[in-house]
Number of protein chains: 2
Amino acid sequence: MQKIESVKEFGGYLNRYQHESVRCGCRMTFSVYLPPQAEHDAVPALYWLSGLTCTDDNFRTKAGAQRYAAEHGVALIIPDTSPRGAEVPDAADRYDLGQGAGFYVNATRQPWSKHYHMYDYVVEEMPALVEANLPLIPGLRSISGHSMGGHGALIVALRNPQAYRSVSAFAPICNPLQCSWGEGCFGAYLGDDKSTWESWDATCLIDAGAQPPPLMIDQGTADEFLAEQLFPQNLQAACEARSLPLTLRLQPGYDHSYHFIASFIGEHIAWHAEALRR
Amino acid sequence: MQKIESVKEFGGYLNRYQHESVRCGCRMTFSVYLPPQAEHDAVPALYWLSGLTCTDDNFRTKAGAQRYAAEHGVALIIPDTSPRGAEVPDAADRYDLGQGAGFYVNATRQPWSKHYHMYDYVVEEMPALVEANLPLIPGLRSISGHSMGGHGALIVALRNPQAYRSVSAFAPICNPLQCSWGEGCFGAYLGDDKSTWESWDATCLIDAGAQPPPLMIDQGTADEFLAEQLFPQNLQAACEARSLPLTLRLQPGYDHSYHFIASFIGEHIAWHAEALRR
């Protein structure tokens, strides 16, 4: 991996890297915030998965997370939201399919299946890469994300509960099988057989017996996508049916934007840092 | 003034307004963050002046300032950096002249002098407007800014020391008469007679006897514009020659970006809040 940018922030460094991804079959860009503690010691990592249309730039620029990462001595690992490049298939007229909309699954259908393996990329390729090259404590990881990236954080943690100390999400897509964003992407990436979709749906994974690590969700009540796309109540019902603990906080008056994330990211990072210390 | 957007953040509201500006002769857009304390009481105001190419959006999105404004109960008043619109003269091939580059002066030369009165706009028109329409304590103001906006904050406070409790700046253009940014803009806006430029230059104003309110400057040592454009050492020498207190903090390794601002905006807002309480 090649460092292409480094900016000092809160006493640490916000770096950007590029590498040739094996799983995505293209050159990928990602950002890492290394807190000041990483100057002398290896630190734990919080992965952040961004939402539709984002790159690695949105979270690092808009969320105000670096302040808290510096305070708690946690690295932020911020991948892109899809494979990228002229050789990578895209849906130019759609913001919710193709580049910028990888949905953190492994696509099985042409033309997507050659490059769109964001699940393997986030779960295997990236951790191996950054833990080999940066001052991170191997295997000490938590994960969070927003909207499509909240869905990604949930399924990544539910499918690999031993690999993550904690998982949180802001306004996640909790039940993609039931919403148009999920139906559009899953149909394209996974094909028409909906039974193959279930292993990529947080609510279905809970229904099927997944054992989540500690799990916290913040959801704004003024979120413009809440009624049509997000369905936290479905995930909540699935957890209740199995008596699984879920911290679901409805935040009155907050919308779907980074201003909502900024308002609560400090509490999320403090919560993950606590889980990562144990 | 008309509210065109409102987003909840840190318990308060980040609002955007438009109004017909008399001084700029065009429709102007600005943002205000009202902290939660403004729900019940009038609050003091910190004006923020942005740098070249910015609108009111950059600071509200990238600086992470709202968190501290909420903590200290201070409103953030965020004007645009120039008049705007199809009828407003521009220099389409230059980022450092015309729209996005008003330099917080009152232009006296054609074609700029019809609209480019950002000084009067910031010092007179905006405070009168927002204090008449929002829960602000009349006249209780401090001011800060970045780069071109740091220059703006300095000259606004030096020319009106009774109107601002405190002034701070991030990487300000301290002596525009000596740098190409200043020469380019002042020549266009004010004409060739450099003696007319001096009343818009912080270092010259100090030389000429201005009495600043409490004054703090943060400057990154890795700032790519430090050597050619900013000249904090000139302002420092002018203050020393008159035995005026100046807190100039050189921050090792920090650049000119919003990541630098984000790293220290909390300290600035706490410092202004203290001055605004006295």
# chains A, B, ... in the order shown; residues from 1 in each chain; ligands from 1
>>> interface_residues(of="chain A", to="chain B", cutoff="6 Å", atoms="only C-alpha atoms", output="ChimeraX atom specification")
/A:8-10,61-62,64,254,259,263
>>> write_last_selection(atoms="C-alpha atoms", output="CSV table (one decimal), in the first residue's frame")
chain,number,residue,atom,x,y,z
A,8,LYS,CA,-1.9,16.3,10.9
A,9,GLU,CA,-5.1,16.5,13.0
A,10,PHE,CA,-5.6,16.4,16.7
A,61,THR,CA,-14.2,15.5,6.5
A,62,LYS,CA,-17.7,15.8,8.0
A,64,GLY,CA,-15.8,15.2,13.5
A,254,TYR,CA,-32.4,14.5,13.9
A,259,HIS,CA,-24.8,16.6,11.2
A,263,SER,CA,-23.8,14.9,17.1
>>> residues_around(residues="region 179-196 of chain B", least_positions_apart="5", cutoff="8 Å", atoms="only C-alpha atoms", output="short mmCIF file (atom, residue, chain, number, x, y, z; two decimals) with C-alpha atoms, in the first residue's frame")
data_model
loop_
_atom_site.label_atom_id
_atom_site.label_comp_id
_atom_site.auth_asym_id
_atom_site.auth_seq_id
_atom_site.Cartn_x
_atom_site.Cartn_y
_atom_site.Cartn_z
CA ASP B 96 -8.50 34.71 -5.67
CA LEU B 97 -10.58 37.55 -7.12
CA PHE B 103 -11.54 40.03 1.01
CA ASN B 106 -15.42 47.90 0.52
CA ALA B 107 -14.40 48.06 -3.15
CA THR B 108 -14.02 51.52 -4.65
CA ARG B 109 -13.19 50.64 -8.25
CA GLN B 110 -15.34 49.55 -11.16
CA TRP B 112 -16.37 45.81 -8.24
CA SER B 113 -17.64 48.83 -6.36
CA GLU B 228 4.50 33.42 0.54
CA GLN B 229 1.14 34.76 1.69
CA LEU B 230 0.56 34.94 5.44
#
>>> select_by_dssp(residues="region 15-252 of chain B", states="helix (DSSP H, G or I)", output="ChimeraX atom specification")
/B:36-39,57-62,66-72,112-114,118-133,148-159,176-178,180-190,194-196,198-200,202-207,226-230,232-241
>>> residues_around(residues="region 119-127 of chain A", least_positions_apart="4", cutoff="7 Å", atoms="only C-alpha atoms", output="ChimeraX atom specification")
/A:23,104-106,131,156
>>> residues_around(residues="His40 (chain A)", least_positions_apart="5", cutoff="12 Å", atoms="only C-alpha atoms", output="JSON, numbers by chain")
{"A": [12, 34, 35, 73, 134, 135, 136]}
>>> write_last_selection(atoms="N, CA and C atoms", output="CSV table (one decimal), in the first residue's frame")
chain,number,residue,atom,x,y,z
A,12,GLY,N,-2.6,13.6,15.8
A,12,GLY,CA,-2.3,12.4,15.0
A,12,GLY,C,-2.2,12.7,13.6
A,34,LEU,N,-4.7,7.8,12.4
A,34,LEU,CA,-3.8,7.2,13.4
A,34,LEU,C,-3.8,8.3,14.6
A,35,PRO,N,-4.3,7.9,15.7
A,35,PRO,CA,-4.3,8.9,16.8
A,35,PRO,C,-2.9,9.1,17.4
A,73,GLY,N,-7.6,7.1,21.8
A,73,GLY,CA,-6.5,6.2,21.3
A,73,GLY,C,-6.9,5.1,20.4
A,134,LEU,N,0.5,-1.1,9.6
A,134,LEU,CA,0.3,0.1,10.5
A,134,LEU,C,0.3,-0.4,11.9
A,135,PRO,N,0.5,0.6,12.8
A,135,PRO,CA,0.7,0.2,14.3
A,135,PRO,C,-0.7,-0.1,14.9
A,136,LEU,N,-1.3,-1.2,14.5
A,136,LEU,CA,-2.6,-1.7,15.0
A,136,LEU,C,-2.4,-3.0,15.7
>>> closest_residue(among="B:Tyr47, B:Pro79, B:His19, B:Pro161", to="Ser31 (chain B)", atoms="only C-alpha atoms")
B:Pro79
>>> select_by_dssp(residues="region 102-246 of chain A", states="strand (DSSP E or B)", output="count of residues only")
23
>>> atom_distance(atom1="CA of Gln219 (chain A)", atom2="CA of Tyr17 (chain B)")
26.8 Å
>>> closest_residue(among="B:Cys24, B:Ala238, B:Leu250, B:Ala171", to="Gly85 (chain B)", atoms="only C-alpha atoms")
B:Cys24
>>> atom_distance(atom1="CA of Phe170 (chain B)", atom2="CA of Thr53 (chain B)")
16.0 Å
>>> residues_around(residues="Leu154 (chain A)", least_positions_apart="6", cutoff="12 Å", atoms="only C-alpha atoms", output="ChimeraX atom specification")
/A:47-49,103-105,119,142-148,160-161,164,166-176,199-206,210-217,232,235,246
>>> atom_distance(atom1="CA of Pro89 (chain A)", atom2="CA of Gln2 (chain A)")
24.7 Å
>>> residues_around(residues="Pro44 (chain B)", least_positions_apart="5", cutoff="9 Å", atoms="only C-alpha atoms", output="PyMOL selection string")
chain B and resi 73-76+135-142+273+276-277
>>> decode(residues="region 78-93 of chain B", atoms="N, CA, C and O atoms", output="CSV table (one decimal), in the first residue's frame")
chain,number,residue,atom,x,y,z
B,78,ILE,N,-22.3,32.7,10.2
B,78,ILE,CA,-21.3,32.3,9.1
B,78,ILE,C,-21.8,32.9,7.8
B,78,ILE,O,-22.6,32.4,7.1
B,79,PRO,N,-21.2,34.1,7.5
B,79,PRO,CA,-21.6,34.7,6.2
B,79,PRO,C,-20.8,34.1,5.0
B,79,PRO,O,-19.9,33.3,5.2
B,80,ASP,N,-21.3,34.4,3.8
B,80,ASP,CA,-20.6,34.0,2.6
B,80,ASP,C,-19.3,34.9,2.5
B,80,ASP,O,-19.1,35.8,3.3
B,81,THR,N,-18.5,34.6,1.5
B,81,THR,CA,-17.2,35.2,1.3
B,81,THR,C,-17.2,36.4,0.3
B,81,THR,O,-16.2,37.0,0.1
B,82,SER,N,-18.4,36.6,-0.3
B,82,SER,CA,-18.5,37.6,-1.3
B,82,SER,C,-19.9,37.8,-1.7
B,82,SER,O,-20.8,36.9,-1.4
B,83,PRO,N,-20.3,38.9,-2.4
B,83,PRO,CA,-21.6,38.9,-3.1
B,83,PRO,C,-21.6,37.8,-4.2
B,83,PRO,O,-20.6,37.3,-4.6
B,84,ARG,N,-22.8,37.4,-4.5
B,84,ARG,CA,-23.0,36.3,-5.5
B,84,ARG,C,-24.1,36.6,-6.5
B,84,ARG,O,-25.0,37.4,-6.2
B,85,GLY,N,-24.0,35.9,-7.6
B,85,GLY,CA,-25.1,35.9,-8.6
B,85,GLY,C,-24.7,36.3,-9.9
B,85,GLY,O,-23.5,36.8,-10.1
B,86,ALA,N,-25.5,36.1,-10.9
B,86,ALA,CA,-25.2,36.3,-12.3
B,86,ALA,C,-24.9,37.8,-12.6
B,86,ALA,O,-24.1,38.1,-13.4
B,87,GLU,N,-25.5,38.7,-11.8
B,87,GLU,CA,-25.4,40.1,-12.0
B,87,GLU,C,-24.1,40.7,-11.3
B,87,GLU,O,-23.8,41.9,-11.4
B,88,VAL,N,-23.5,39.8,-10.5
B,88,VAL,CA,-22.3,40.3,-9.7
B,88,VAL,C,-21.0,40.0,-10.5
B,88,VAL,O,-20.8,38.9,-11.0
B,89,PRO,N,-20.1,41.0,-10.7
B,89,PRO,CA,-18.9,40.8,-11.5
B,89,PRO,C,-18.1,39.6,-10.9
B,89,PRO,O,-18.1,39.4,-9.7
B,90,ASP,N,-17.4,39.0,-11.7
B,90,ASP,CA,-16.5,37.8,-11.3
B,90,ASP,C,-15.3,37.8,-12.1
B,90,ASP,O,-15.2,38.5,-13.1
B,91,ALA,N,-14.3,37.0,-11.7
B,91,ALA,CA,-13.1,36.8,-12.5
B,91,ALA,C,-13.0,35.3,-12.7
B,91,ALA,O,-12.4,34.6,-11.8
B,92,ALA,N,-13.7,34.8,-13.7
B,92,ALA,CA,-14.0,33.3,-13.8
B,92,ALA,C,-12.7,32.5,-13.8
B,92,ALA,O,-12.7,31.3,-13.4
B,93,ASP,N,-11.6,33.0,-14.3
B,93,ASP,CA,-10.4,32.3,-14.4
B,93,ASP,C,-9.5,32.4,-13.1
B,93,ASP,O,-8.5,31.8,-13.0
